[in-house]
Amino acid sequence: MDMLWSGWGDPAAATPLPDPVTGLLRDLLGVTPRGTGPVALEEIDVPASPLGAEARRALLSAVGGQAEHVRTDAESRIRHTRGKSTSDLLRIRGGEVDDIPAAVVLPAGHDEVLAVLRACAAHGLTAVPFGGGTSVVGGLAPARRGAVVALDLRRLNALLAVDPVSRTATLQAGLRAPHAEALLAGHGFTLGHFPQSYEWATLGGFAATRSSGQASAGYGRFDDMVLGLTLATPEGTVETGRAPRSAAGPDLRQLLLGSEGAFGVITSVTVRVRPVPPARRYEGWRFPSFQEGADALRRLAQDGPRPTVLRLSDETETLVGLARPDAIGSAAARENAGCLAVVGFEGTEEDTAHRRDRAAAVLHEAGGAPLGEEPGEHWARGRYSAPYLRDALLDAGALAETLETAAFWSRLPELYAAVRNALTSTLTDAGTPPLVMCHISHVYENGASLYFTVVSAQGDDPLAHWTRAKHAANDAILAAGGTISHHHGVGADHRDWYAREAGPLAVDALRAVKRRLDPAGVLNPGVLLPAD
């Protein structure tokens with residue numbers, strides 16, 4: 001099944017806003033319905049594909065001569081236009097497809113990916129790797145250099161090897177996460193990577209963006225899981241990962257992880273896997289304030305015991321109910337004053353019970369009040385529903401978007417305040433005061449992430465409106481010592497701030513790598529790195 005072209009996920013899973021939320025938007029934020037929904041797909045004015053006959057023949061040859069694997073029809077091209085940020089959706093819902101790809105190409109394996117990239121280099125075509133299409137930072141919006149080819153990796157969908165002794169698995173990059181989990185479960189294993197995009201994103205996308213899942217406290221980030229990978233470039237193949245760790249020079253895995261299709265196309269990954277846990281327990285805790293809750297999370301992250309899932313909503317997010325997206329605006333959400341923490345444990349029955357008891361003692365001592373399993377289990381059941389809420393908010397005339405960052409524990413309070421202030425002041429000055437919510441969902445011994453959700457009226461020009469607020473937040477993040485992205489990636493939206501964060505010498509070094517692997521500059525230009 002393809003994702004909804006004008007929004008998120010499966011259209012059958014979408015739900016309208018509850019009446020209390022509609023009233024809240026109207027009374028608190030001045031949101032009024034815009035009166036029109038997305039244009040119909042068949043009504044979009046799609047220009048003819050600019051793909052030349054010679055280039056088309058080269059692409060066909062690269063994928064075995066099968067016409068169905070080089071698609072230039074309007075619907076295929078629309079479905080591969082940009083990603084799923086609010087800016088992307090506002091444009092596509094309005095029928096704007098000025099940057100639609102010229103063709104969608106579906107290679108079947110590593111060698112065909114190599115052949116497609118060589119064809120693109122020979123014919124001056126831009127190549128954009130396309131996994132699940134879930135980027136929310138402009139990762140699928142390259143600077144145009146000739147006709148654009150969307151390189152859809154869905155046919156790279158096999159489990160290539162399982163090593164039960166070493167507990168590793170090698171999987172192709174086009175596998176969607178649920179399919180990968182089902183294949184691994186057949187061998188008694190799990191990857192343990194469950195980001196909010198889990199239902200649609202691919203393993204290659206996880207690697208290319210340094211994804212982090214909701215169970216990262218227990219399983220680690222995706223880049224922690226990757227032991228090796230295979231990269232296709234116009235100049236050939238790069239393979240990394242002969243051992244779990246190595247002192248043989250710089251770790252090339254780390255150079256390629258997070259490269260977002262700018263250096264090459266990841267075609268397979270070798271990852272660490274773990275046995276499917278027989279026991280899972282999720283529960284809720286309440287803290288009087290966000291700072292007290294953050295201090296409690298820090299104690300668990302630094303001194304243990306480390307839960308598998310550990311997250312904390314601030315006062316606003318708890319009150320509104322985004323900690324439980326499918327219960328937003330409900331009486332239950334309003335009753336849970338303070339800050340809601342969700343704490344989850346996975347493992348054997350004995351280990352889960354032991355860590356749960358020890359963690360409870362720490363949380364009690366830090367000022368937490370137990371709420372039982374219901375809030376945690378409720379969160380677990382609705383953990384992938386928040387993106388659907390964004391679509392419903394857009395339908396109602398609201399502007400809704402997210403952004404995230406991370407910092408060391410000592411800087412987290414300043415970063416939290418700086419981003420909230422930047423978003424609030426910028427949008428209020430524009431006449432659309434926002435609701436700004438935040439949660440911590442990824443913790444480390446030395447720091448944590450902050451994930452912000454922003455809702456306001458759309459204003460006269462929603463795209464320009466959000467762009468101003470996003471730029472102000474990006475500036476505030478760097479000024480307060482945060483990183484421009486913890487897990488969404490760089491894309492085109494964060495590119496210029498990433499360059500400031502990394503510094504000119506580091507950016508030049510990365511450009512040198514790109515020039516060697518992609519001398520014609522066909523791979524996702526303008527994403528990750530500024531133009532020379």
# chains A, B, ... in the order shown; residues from 1 in each chain; ligands from 1
$ residues_around --residues "region 34-49 of chain A" --least-positions-apart "2" --cutoff "8 Å" --atoms "only C-alpha atoms" --output "PDB file with N, CA, C and O atoms, in the first residue's frame"
ATOM      1  N   SER A   6      -1.574  13.130  -0.143  1.00  0.00           N
ATOM      2  CA  SER A   6      -1.788  14.489   0.355  1.00  0.00           C
ATOM      3  C   SER A   6      -1.704  14.595   1.869  1.00  0.00           C
ATOM      4  O   SER A   6      -2.084  15.615   2.447  1.00  0.00           O
ATOM      5  N   THR A  32      -9.896  29.254  12.268  1.00  0.00           N
ATOM      6  CA  THR A  32     -11.168  29.108  11.563  1.00  0.00           C
ATOM      7  C   THR A  32     -10.960  28.225  10.340  1.00  0.00           C
ATOM      8  O   THR A  32      -9.888  28.262   9.718  1.00  0.00           O
ATOM      9  N   LEU A  51      11.902  13.922 -19.222  1.00  0.00           N
ATOM     10  CA  LEU A  51      12.899  12.883 -19.433  1.00  0.00           C
ATOM     11  C   LEU A  51      13.071  12.620 -20.926  1.00  0.00           C
ATOM     12  O   LEU A  51      12.117  12.270 -21.627  1.00  0.00           O
ATOM     13  N   THR A  72       6.590   7.199 -15.648  1.00  0.00           N
ATOM     14  CA  THR A  72       6.474   8.638 -15.900  1.00  0.00           C
ATOM     15  C   THR A  72       5.023   9.096 -15.863  1.00  0.00           C
ATOM     16  O   THR A  72       4.720  10.223 -16.246  1.00  0.00           O
ATOM     17  N   ALA A  74       1.448  10.426 -14.280  1.00  0.00           N
ATOM     18  CA  ALA A  74       1.232  11.539 -13.355  1.00  0.00           C
ATOM     19  C   ALA A  74       1.119  11.083 -11.911  1.00  0.00           C
ATOM     20  O   ALA A  74       1.732  11.672 -11.001  1.00  0.00           O
ATOM     21  N   GLU A  75       0.345  10.020 -11.637  1.00  0.00           N
ATOM     22  CA  GLU A  75       0.126   9.618 -10.251  1.00  0.00           C
ATOM     23  C   GLU A  75       1.418   9.162  -9.578  1.00  0.00           C
ATOM     24  O   GLU A  75       1.695   9.536  -8.428  1.00  0.00           O
ATOM     25  N   ILE A  92       1.427  20.415  -1.639  1.00  0.00           N
ATOM     26  CA  ILE A  92       0.829  19.350  -2.442  1.00  0.00           C
ATOM     27  C   ILE A  92      -0.689  19.380  -2.335  1.00  0.00           C
ATOM     28  O   ILE A  92      -1.408  19.087  -3.300  1.00  0.00           O
ATOM     29  N   ARG A  93      -1.212  19.737  -1.164  1.00  0.00           N
ATOM     30  CA  ARG A  93      -2.668  19.826  -1.000  1.00  0.00           C
ATOM     31  C   ARG A  93      -3.256  20.935  -1.868  1.00  0.00           C
ATOM     32  O   ARG A  93      -4.432  20.893  -2.244  1.00  0.00           O
ATOM     33  N   GLY A  94      -2.438  21.941  -2.178  1.00  0.00           N
ATOM     34  CA  GLY A  94      -2.870  23.009  -3.061  1.00  0.00           C
ATOM     35  C   GLY A  94      -2.616  22.723  -4.534  1.00  0.00           C
ATOM     36  O   GLY A  94      -2.872  23.580  -5.387  1.00  0.00           O
ATOM     37  N   GLY A  95      -2.076  21.529  -4.813  1.00  0.00           N
ATOM     38  CA  GLY A  95      -1.824  21.156  -6.206  1.00  0.00           C
ATOM     39  C   GLY A  95      -0.522  21.672  -6.766  1.00  0.00           C
ATOM     40  O   GLY A  95      -0.306  21.624  -7.990  1.00  0.00           O
ATOM     41  N   GLU A  96       0.392  22.145  -5.907  1.00  0.00           N
ATOM     42  CA  GLU A  96       1.657  22.702  -6.383  1.00  0.00           C
ATOM     43  C   GLU A  96       2.668  21.579  -6.611  1.00  0.00           C
ATOM     44  O   GLU A  96       3.107  20.920  -5.664  1.00  0.00           O
ATOM     45  N   VAL A  97       3.046  21.353  -7.860  1.00  0.00           N
ATOM     46  CA  VAL A  97       3.966  20.263  -8.200  1.00  0.00           C
ATOM     47  C   VAL A  97       5.061  20.758  -9.151  1.00  0.00           C
ATOM     48  O   VAL A  97       5.494  20.038 -10.046  1.00  0.00           O
ATOM     49  N   PRO A 101       9.143  14.997  -9.828  1.00  0.00           N
ATOM     50  CA  PRO A 101      10.198  14.271 -10.543  1.00  0.00           C
ATOM     51  C   PRO A 101       9.789  13.948 -11.970  1.00  0.00           C
ATOM     52  O   PRO A 101       8.592  13.807 -12.286  1.00  0.00           O
ATOM     53  N   ALA A 102      10.777  13.807 -12.818  1.00  0.00           N
ATOM     54  CA  ALA A 102      10.518  13.451 -14.215  1.00  0.00           C
ATOM     55  C   ALA A 102      10.170  11.981 -14.359  1.00  0.00           C
ATOM     56  O   ALA A 102       9.444  11.596 -15.284  1.00  0.00           O
ATOM     57  N   ALA A 103      10.691  11.157 -13.459  1.00  0.00           N
ATOM     58  CA  ALA A 103      10.456   9.715 -13.541  1.00  0.00           C
ATOM     59  C   ALA A 103      10.647   9.093 -12.167  1.00  0.00           C
ATOM     60  O   ALA A 103      11.360   9.632 -11.310  1.00  0.00           O
ATOM     61  N   ASP A 395      -6.742  20.273   8.086  1.00  0.00           N
ATOM     62  CA  ASP A 395      -8.110  20.314   7.558  1.00  0.00           C
ATOM     63  C   ASP A 395      -8.953  21.346   8.295  1.00  0.00           C
ATOM     64  O   ASP A 395      -9.842  21.972   7.703  1.00  0.00           O
ATOM     65  N   ALA A 396      -8.665  21.524   9.595  1.00  0.00           N
ATOM     66  CA  ALA A 396      -9.455  22.456  10.411  1.00  0.00           C
ATOM     67  C   ALA A 396      -8.999  23.899  10.259  1.00  0.00           C
ATOM     68  O   ALA A 396      -9.617  24.802  10.845  1.00  0.00           O
ATOM     69  N   GLY A 397      -7.920  24.136   9.501  1.00  0.00           N
ATOM     70  CA  GLY A 397      -7.436  25.494   9.310  1.00  0.00           C
ATOM     71  C   GLY A 397      -6.307  25.889  10.232  1.00  0.00           C
ATOM     72  O   GLY A 397      -5.917  27.063  10.274  1.00  0.00           O
TER      73      GLY A 397
END
$ residues_around --residues "Ala509 (chain A)" --least-positions-apart "6" --cutoff "12 Å" --atoms "only C-alpha atoms" --output "list in words"
Leu255, Ala499, Ala502, Gly503, Arg515, Arg516, Leu529 and Asp532 of chain A
$ write_last_selection --atoms "all heavy atoms" --output "short mmCIF file (atom, residue, chain, number, x, y, z; two decimals), in the first residue's frame"
data_model
loop_
_atom_site.label_atom_id
_atom_site.label_comp_id
_atom_site.auth_asym_id
_atom_site.auth_seq_id
_atom_site.Cartn_x
_atom_site.Cartn_y
_atom_site.Cartn_z
N LEU A 255 30.68 7.99 8.73
CA LEU A 255 30.68 8.98 7.66
C LEU A 255 29.46 8.83 6.76
O LEU A 255 28.89 9.82 6.28
CB LEU A 255 31.95 8.82 6.81
CG LEU A 255 32.10 9.75 5.61
CD1 LEU A 255 32.21 11.20 6.06
CD2 LEU A 255 33.31 9.36 4.77
N ALA A 499 25.48 23.68 8.44
CA ALA A 499 26.77 24.22 8.03
C ALA A 499 27.34 25.13 9.12
O ALA A 499 28.56 25.12 9.37
CB ALA A 499 26.63 24.98 6.71
N ALA A 502 28.50 22.74 12.02
CA ALA A 502 29.70 21.96 11.72
C ALA A 502 30.92 22.84 11.50
O ALA A 502 32.04 22.47 11.86
CB ALA A 502 29.45 21.10 10.48
N GLY A 503 30.73 24.02 10.91
CA GLY A 503 31.85 24.91 10.62
C GLY A 503 32.36 24.74 9.21
O GLY A 503 32.23 23.66 8.60
N ARG A 515 32.57 14.99 -3.72
CA ARG A 515 33.17 15.10 -5.05
C ARG A 515 33.81 13.80 -5.50
O ARG A 515 33.78 13.46 -6.68
CB ARG A 515 34.20 16.23 -5.06
CG ARG A 515 33.60 17.63 -5.14
CD ARG A 515 34.65 18.67 -5.46
NE ARG A 515 35.63 18.82 -4.39
CZ ARG A 515 35.51 19.68 -3.38
NH1 ARG A 515 34.43 20.45 -3.31
NH2 ARG A 515 36.44 19.76 -2.45
N ARG A 516 34.39 13.04 -4.55
CA ARG A 516 35.02 11.77 -4.94
C ARG A 516 33.99 10.70 -5.24
O ARG A 516 34.14 9.92 -6.19
CB ARG A 516 35.95 11.28 -3.81
CG ARG A 516 36.61 9.95 -4.12
CD ARG A 516 37.51 10.06 -5.35
NE ARG A 516 38.05 8.75 -5.75
CZ ARG A 516 37.48 7.92 -6.63
NH1 ARG A 516 36.31 8.27 -7.19
NH2 ARG A 516 38.03 6.78 -6.94
N LEU A 529 24.31 19.37 2.36
CA LEU A 529 25.42 20.31 2.19
C LEU A 529 25.01 21.48 1.30
O LEU A 529 24.36 21.27 0.28
CB LEU A 529 26.63 19.61 1.58
CG LEU A 529 27.24 18.49 2.39
CD1 LEU A 529 28.32 17.78 1.58
CD2 LEU A 529 27.82 19.02 3.69
N ASP A 532 28.60 24.35 -3.49
CA ASP A 532 29.96 24.94 -3.48
C ASP A 532 29.90 26.39 -3.90
O ASP A 532 29.12 26.78 -4.74
CB ASP A 532 30.87 24.17 -4.44
CG ASP A 532 31.23 22.80 -3.89
OD1 ASP A 532 31.39 22.68 -2.67
OD2 ASP A 532 31.35 21.86 -4.70
#
$ residues_around --residues "Thr348 (chain A)" --least-positions-apart "4" --cutoff "9 Å" --atoms "only C-alpha atoms" --output "list in words"
Pro277, Pro278, Ala279, Arg280, Thr352 and Ala353 of chain A
$ closest_residue --among "A:Glu317, A:Asp460, A:Glu346, A:Asp295" --to "Gly447 (chain A)" --atoms "only C-alpha atoms"
A:Asp295
$ residues_around --residues "region 155-171 of chain A" --least-positions-apart "3" --cutoff "9 Å" --atoms "only C-alpha atoms" --output "list in words"
Leu106, Pro107, Ala108, Gly109, His110, Asp152, Gly174, Leu175, Arg176, His179, Ala180, Leu183, Leu184, His187, Phe189, Leu203, Leu227, Gly228, Leu229, Thr267, Ser268, Val269, Thr270, Val271, Arg272, Val273, Arg274 and Pro275 of chain A
$ residues_around --residues "Ala122 (chain A)" --least-positions-apart "6" --cutoff "10 Å" --atoms "only C-alpha atoms" --output "MDAnalysis selection string"
chainID A and resid 55 58 116 234 520 522
$ write_last_selection --atoms "all heavy atoms" --output "PDB file, in the first residue's frame"
ATOM      1  N   ALA A  55      17.869   9.233 -22.300  1.00  0.00           N
ATOM      2  CA  ALA A  55      17.990   9.004 -20.864  1.00  0.00           C
ATOM      3  C   ALA A  55      17.022   7.913 -20.413  1.00  0.00           C
ATOM      4  O   ALA A  55      17.359   7.060 -19.584  1.00  0.00           O
ATOM      5  CB  ALA A  55      17.727  10.299 -20.105  1.00  0.00           C
ATOM      6  N   ALA A  58      18.404   4.572 -21.212  1.00  0.00           N
ATOM      7  CA  ALA A  58      19.487   4.212 -20.293  1.00  0.00           C
ATOM      8  C   ALA A  58      18.933   3.723 -18.953  1.00  0.00           C
ATOM      9  O   ALA A  58      19.435   2.746 -18.374  1.00  0.00           O
ATOM     10  CB  ALA A  58      20.420   5.400 -20.084  1.00  0.00           C
ATOM     11  N   VAL A 116      21.635   2.533 -12.354  1.00  0.00           N
ATOM     12  CA  VAL A 116      20.791   3.724 -12.424  1.00  0.00           C
ATOM     13  C   VAL A 116      21.611   4.976 -12.126  1.00  0.00           C
ATOM     14  O   VAL A 116      21.483   6.002 -12.816  1.00  0.00           O
ATOM     15  CB  VAL A 116      19.599   3.608 -11.451  1.00  0.00           C
ATOM     16  CG1 VAL A 116      18.864   4.941 -11.335  1.00  0.00           C
ATOM     17  CG2 VAL A 116      18.639   2.513 -11.894  1.00  0.00           C
ATOM     18  N   PRO A 234      27.838   6.614  -7.946  1.00  0.00           N
ATOM     19  CA  PRO A 234      28.141   6.628  -9.381  1.00  0.00           C
ATOM     20  C   PRO A 234      29.548   6.128  -9.694  1.00  0.00           C
ATOM     21  O   PRO A 234      29.818   5.708 -10.816  1.00  0.00           O
ATOM     22  CB  PRO A 234      27.981   8.103  -9.755  1.00  0.00           C
ATOM     23  CG  PRO A 234      27.039   8.659  -8.742  1.00  0.00           C
ATOM     24  CD  PRO A 234      27.368   7.936  -7.475  1.00  0.00           C
ATOM     25  N   ALA A 520      29.832  14.099 -10.550  1.00  0.00           N
ATOM     26  CA  ALA A 520      28.892  14.853 -11.374  1.00  0.00           C
ATOM     27  C   ALA A 520      27.847  15.587 -10.540  1.00  0.00           C
ATOM     28  O   ALA A 520      27.063  16.375 -11.072  1.00  0.00           O
ATOM     29  CB  ALA A 520      28.202  13.916 -12.371  1.00  0.00           C
ATOM     30  N   VAL A 522      25.139  14.426  -8.914  1.00  0.00           N
ATOM     31  CA  VAL A 522      23.754  14.050  -9.234  1.00  0.00           C
ATOM     32  C   VAL A 522      22.968  13.595  -8.008  1.00  0.00           C
ATOM     33  O   VAL A 522      21.743  13.513  -8.053  1.00  0.00           O
ATOM     34  CB  VAL A 522      23.722  12.930 -10.310  1.00  0.00           C
ATOM     35  CG1 VAL A 522      24.431  13.393 -11.571  1.00  0.00           C
ATOM     36  CG2 VAL A 522      24.335  11.630  -9.796  1.00  0.00           C
TER      37      VAL A 522
END
$ residues_around --residues "Val527 (chain A)" --least-positions-apart "4" --cutoff "8 Å" --atoms "only C-alpha atoms" --output "VMD selection string"
chain A and resid 138 to 139 141 to 143 260 262 490 to 492 495
$ residues_around --residues "region 430-446 of chain A" --least-positions-apart "4" --cutoff "7 Å" --atoms "only C-alpha atoms" --output "number ranges by chain"
A: 29, 214, 216-217, 301-302, 310-314, 316-317, 408-409, 420, 424, 426, 450-457, 459
$ select_by_dssp --residues "region 145-388 of chain A" --states "strand (DSSP E or B)" --output "number ranges by chain"
A: 148-152, 159-163, 168-172, 176, 189-190, 202, 226-233, 236-240, 265-272, 274-275, 279-287, 309-313, 339-347, 369-372
$ select_by_dssp --residues "region 88-257 of chain A" --states "helix (DSSP H, G or I)" --output "PyMOL selection string"
chain A and resi 88-93+110-123+177-185+203-209+216-219+222-225+252-256
$ write_last_selection --atoms "N, CA and C atoms" --output "short mmCIF file (atom, residue, chain, number, x, y, z; two decimals), in the first residue's frame"
data_model
loop_
_atom_site.label_atom_id
_atom_site.label_comp_id
_atom_site.auth_asym_id
_atom_site.auth_seq_id
_atom_site.Cartn_x
_atom_site.Cartn_y
_atom_site.Cartn_z
N ASP A 88 5.58 20.73 2.99
CA ASP A 88 5.36 19.82 1.86
C ASP A 88 3.87 19.59 1.64
N LEU A 89 3.14 19.34 2.73
CA LEU A 89 1.72 19.01 2.60
C LEU A 89 0.90 20.22 2.17
N LEU A 90 1.21 21.40 2.68
CA LEU A 90 0.48 22.58 2.26
C LEU A 90 0.61 22.79 0.76
N ARG A 91 1.80 22.55 0.23
CA ARG A 91 2.03 22.74 -1.20
C ARG A 91 1.31 21.67 -2.03
N ILE A 92 1.43 20.42 -1.64
CA ILE A 92 0.83 19.35 -2.44
C ILE A 92 -0.69 19.38 -2.33
N ARG A 93 -1.21 19.74 -1.16
CA ARG A 93 -2.67 19.83 -1.00
C ARG A 93 -3.26 20.94 -1.87
N HIS A 110 21.33 -4.13 -5.59
CA HIS A 110 22.48 -3.23 -5.54
C HIS A 110 23.03 -2.93 -6.93
N ASP A 111 23.20 -3.95 -7.75
CA ASP A 111 23.79 -3.74 -9.07
C ASP A 111 22.91 -2.84 -9.93
N GLU A 112 21.60 -2.99 -9.82
CA GLU A 112 20.72 -2.12 -10.59
C GLU A 112 20.76 -0.69 -10.07
N VAL A 113 20.90 -0.51 -8.76
CA VAL A 113 21.06 0.84 -8.22
C VAL A 113 22.33 1.48 -8.79
N LEU A 114 23.42 0.72 -8.81
CA LEU A 114 24.66 1.23 -9.41
C LEU A 114 24.43 1.67 -10.85
N ALA A 115 23.75 0.82 -11.61
CA ALA A 115 23.51 1.12 -13.03
C ALA A 115 22.65 2.36 -13.20
N VAL A 116 21.64 2.53 -12.35
CA VAL A 116 20.79 3.72 -12.42
C VAL A 116 21.61 4.98 -12.13
N LEU A 117 22.46 4.92 -11.09
CA LEU A 117 23.27 6.09 -10.74
C LEU A 117 24.23 6.45 -11.86
N ARG A 118 24.80 5.45 -12.51
CA ARG A 118 25.70 5.73 -13.63
C ARG A 118 24.94 6.33 -14.80
N ALA A 119 23.73 5.85 -15.03
CA ALA A 119 22.91 6.44 -16.09
C ALA A 119 22.57 7.88 -15.77
N CYS A 120 22.25 8.16 -14.51
CA CYS A 120 21.95 9.53 -14.11
C CYS A 120 23.15 10.44 -14.32
N ALA A 121 24.34 9.98 -13.94
CA ALA A 121 25.55 10.78 -14.11
C ALA A 121 25.84 11.02 -15.59
N ALA A 122 25.62 10.01 -16.42
CA ALA A 122 25.90 10.14 -17.84
C ALA A 122 24.95 11.10 -18.54
N HIS A 123 23.71 11.21 -18.04
CA HIS A 123 22.70 11.99 -18.73
C HIS A 123 22.28 13.24 -17.96
N ALA A 177 9.78 -0.88 7.97
CA ALA A 177 10.08 -1.38 9.31
C ALA A 177 9.16 -2.52 9.74
N PRO A 178 7.83 -2.45 9.54
CA PRO A 178 7.00 -3.58 9.97
C PRO A 178 7.34 -4.89 9.26
N HIS A 179 7.67 -4.81 7.97
CA HIS A 179 8.05 -6.02 7.22
C HIS A 179 9.36 -6.57 7.76
N ALA A 180 10.30 -5.68 8.05
CA ALA A 180 11.58 -6.12 8.61
C ALA A 180 11.37 -6.81 9.96
N GLU A 181 10.53 -6.22 10.80
CA GLU A 181 10.26 -6.84 12.10
C GLU A 181 9.61 -8.21 11.95
N ALA A 182 8.70 -8.36 10.97
CA ALA A 182 8.06 -9.65 10.76
C ALA A 182 9.07 -10.70 10.29
N LEU A 183 9.98 -10.31 9.40
CA LEU A 183 11.00 -11.25 8.94
C LEU A 183 11.93 -11.66 10.07
N LEU A 184 12.33 -10.70 10.90
CA LEU A 184 13.22 -11.01 12.02
C LEU A 184 12.50 -11.85 13.07
N ALA A 185 11.21 -11.57 13.29
CA ALA A 185 10.46 -12.34 14.28
C ALA A 185 10.40 -13.81 13.91
N LEU A 203 14.37 0.85 6.28
CA LEU A 203 15.65 0.70 6.98
C LEU A 203 16.72 1.61 6.37
N GLY A 204 16.71 1.75 5.04
CA GLY A 204 17.68 2.65 4.43
C GLY A 204 17.47 4.08 4.86
N GLY A 205 16.21 4.48 4.99
CA GLY A 205 15.93 5.83 5.48
C GLY A 205 16.38 6.02 6.91
N PHE A 206 16.17 5.00 7.74
CA PHE A 206 16.65 5.09 9.13
C PHE A 206 18.15 5.35 9.18
N ALA A 207 18.90 4.60 8.34
CA ALA A 207 20.36 4.74 8.34
C ALA A 207 20.78 6.08 7.76
N ALA A 208 20.12 6.51 6.68
CA ALA A 208 20.52 7.73 6.00
C ALA A 208 20.24 8.98 6.81
N THR A 209 19.37 8.88 7.83
CA THR A 209 19.01 10.05 8.62
C THR A 209 19.36 9.91 10.11
N SER A 216 14.48 4.03 22.29
CA SER A 216 15.93 4.24 22.19
C SER A 216 16.64 4.12 23.53
N ALA A 217 15.93 4.37 24.63
CA ALA A 217 16.58 4.24 25.94
C ALA A 217 17.06 2.81 26.17
N GLY A 218 16.32 1.84 25.62
CA GLY A 218 16.70 0.45 25.82
C GLY A 218 17.44 -0.16 24.66
N TYR A 219 17.06 0.19 23.43
CA TYR A 219 17.65 -0.43 22.24
C TYR A 219 18.71 0.42 21.56
N PHE A 222 19.21 4.13 15.79
CA PHE A 222 19.47 3.24 14.67
C PHE A 222 20.95 3.22 14.31
N ASP A 223 21.62 4.37 14.40
CA ASP A 223 23.05 4.37 14.07
C ASP A 223 23.86 3.56 15.08
N ASP A 224 23.34 3.36 16.30
CA ASP A 224 24.00 2.46 17.25
C ASP A 224 23.85 1.00 16.81
N MET A 225 22.78 0.70 16.09
CA MET A 225 22.48 -0.68 15.72
C MET A 225 23.24 -1.13 14.48
N LEU A 252 34.24 4.41 8.82
CA LEU A 252 33.53 4.88 7.63
C LEU A 252 32.03 4.74 7.76
N ARG A 253 31.57 3.83 8.62
CA ARG A 253 30.12 3.74 8.84
C ARG A 253 29.57 5.07 9.29
N GLN A 254 30.29 5.72 10.20
CA GLN A 254 29.80 6.98 10.76
C GLN A 254 29.81 8.11 9.73
N LEU A 255 30.68 7.99 8.73
CA LEU A 255 30.68 8.98 7.66
C LEU A 255 29.46 8.83 6.76
N LEU A 256 29.03 7.57 6.56
CA LEU A 256 27.93 7.30 5.63
C LEU A 256 26.57 7.36 6.31
#
$ decode --residues "region 525-529 of chain A" --atoms "all heavy atoms" --output "mmCIF file, in the first residue's frame"
data_model
loop_
_atom_site.group_PDB
_atom_site.id
_atom_site.type_symbol
_atom_site.label_atom_id
_atom_site.label_comp_id
_atom_site.auth_asym_id
_atom_site.auth_seq_id
_atom_site.Cartn_x
_atom_site.Cartn_y
_atom_site.Cartn_z
ATOM 1 N N PRO A 525 21.378 16.854 -4.687
ATOM 2 C CA PRO A 525 22.081 18.134 -4.508
ATOM 3 C C PRO A 525 21.265 19.114 -3.675
ATOM 4 O O PRO A 525 20.033 19.181 -3.778
ATOM 5 C CB PRO A 525 22.254 18.629 -5.946
ATOM 6 C CG PRO A 525 21.180 17.936 -6.724
ATOM 7 C CD PRO A 525 21.023 16.594 -6.083
ATOM 8 N N GLY A 526 21.966 19.881 -2.842
ATOM 9 C CA GLY A 526 21.289 20.861 -1.994
ATOM 10 C C GLY A 526 20.702 20.295 -0.728
ATOM 11 O O GLY A 526 20.194 21.044 0.100
ATOM 12 N N VAL A 527 20.762 18.973 -0.570
ATOM 13 C CA VAL A 527 20.358 18.327 0.673
ATOM 14 C C VAL A 527 21.615 18.009 1.467
ATOM 15 O O VAL A 527 22.617 17.578 0.897
ATOM 16 C CB VAL A 527 19.553 17.045 0.385
ATOM 17 C CG1 VAL A 527 19.363 16.221 1.645
ATOM 18 C CG2 VAL A 527 18.206 17.396 -0.231
ATOM 19 N N LEU A 528 21.607 18.244 2.746
ATOM 20 C CA LEU A 528 22.717 18.043 3.682
ATOM 21 C C LEU A 528 23.764 19.142 3.572
ATOM 22 O O LEU A 528 24.086 19.797 4.561
ATOM 23 C CB LEU A 528 23.369 16.666 3.495
ATOM 24 C CG LEU A 528 24.491 16.314 4.472
ATOM 25 C CD1 LEU A 528 23.924 16.128 5.873
ATOM 26 C CD2 LEU A 528 25.219 15.051 4.044
ATOM 27 N N LEU A 529 24.314 19.374 2.362
ATOM 28 C CA LEU A 529 25.420 20.312 2.194
ATOM 29 C C LEU A 529 25.012 21.482 1.301
ATOM 30 O O LEU A 529 24.356 21.273 0.277
ATOM 31 C CB LEU A 529 26.626 19.612 1.575
ATOM 32 C CG LEU A 529 27.245 18.485 2.394
ATOM 33 C CD1 LEU A 529 28.324 17.782 1.579
ATOM 34 C CD2 LEU A 529 27.824 19.022 3.694
#
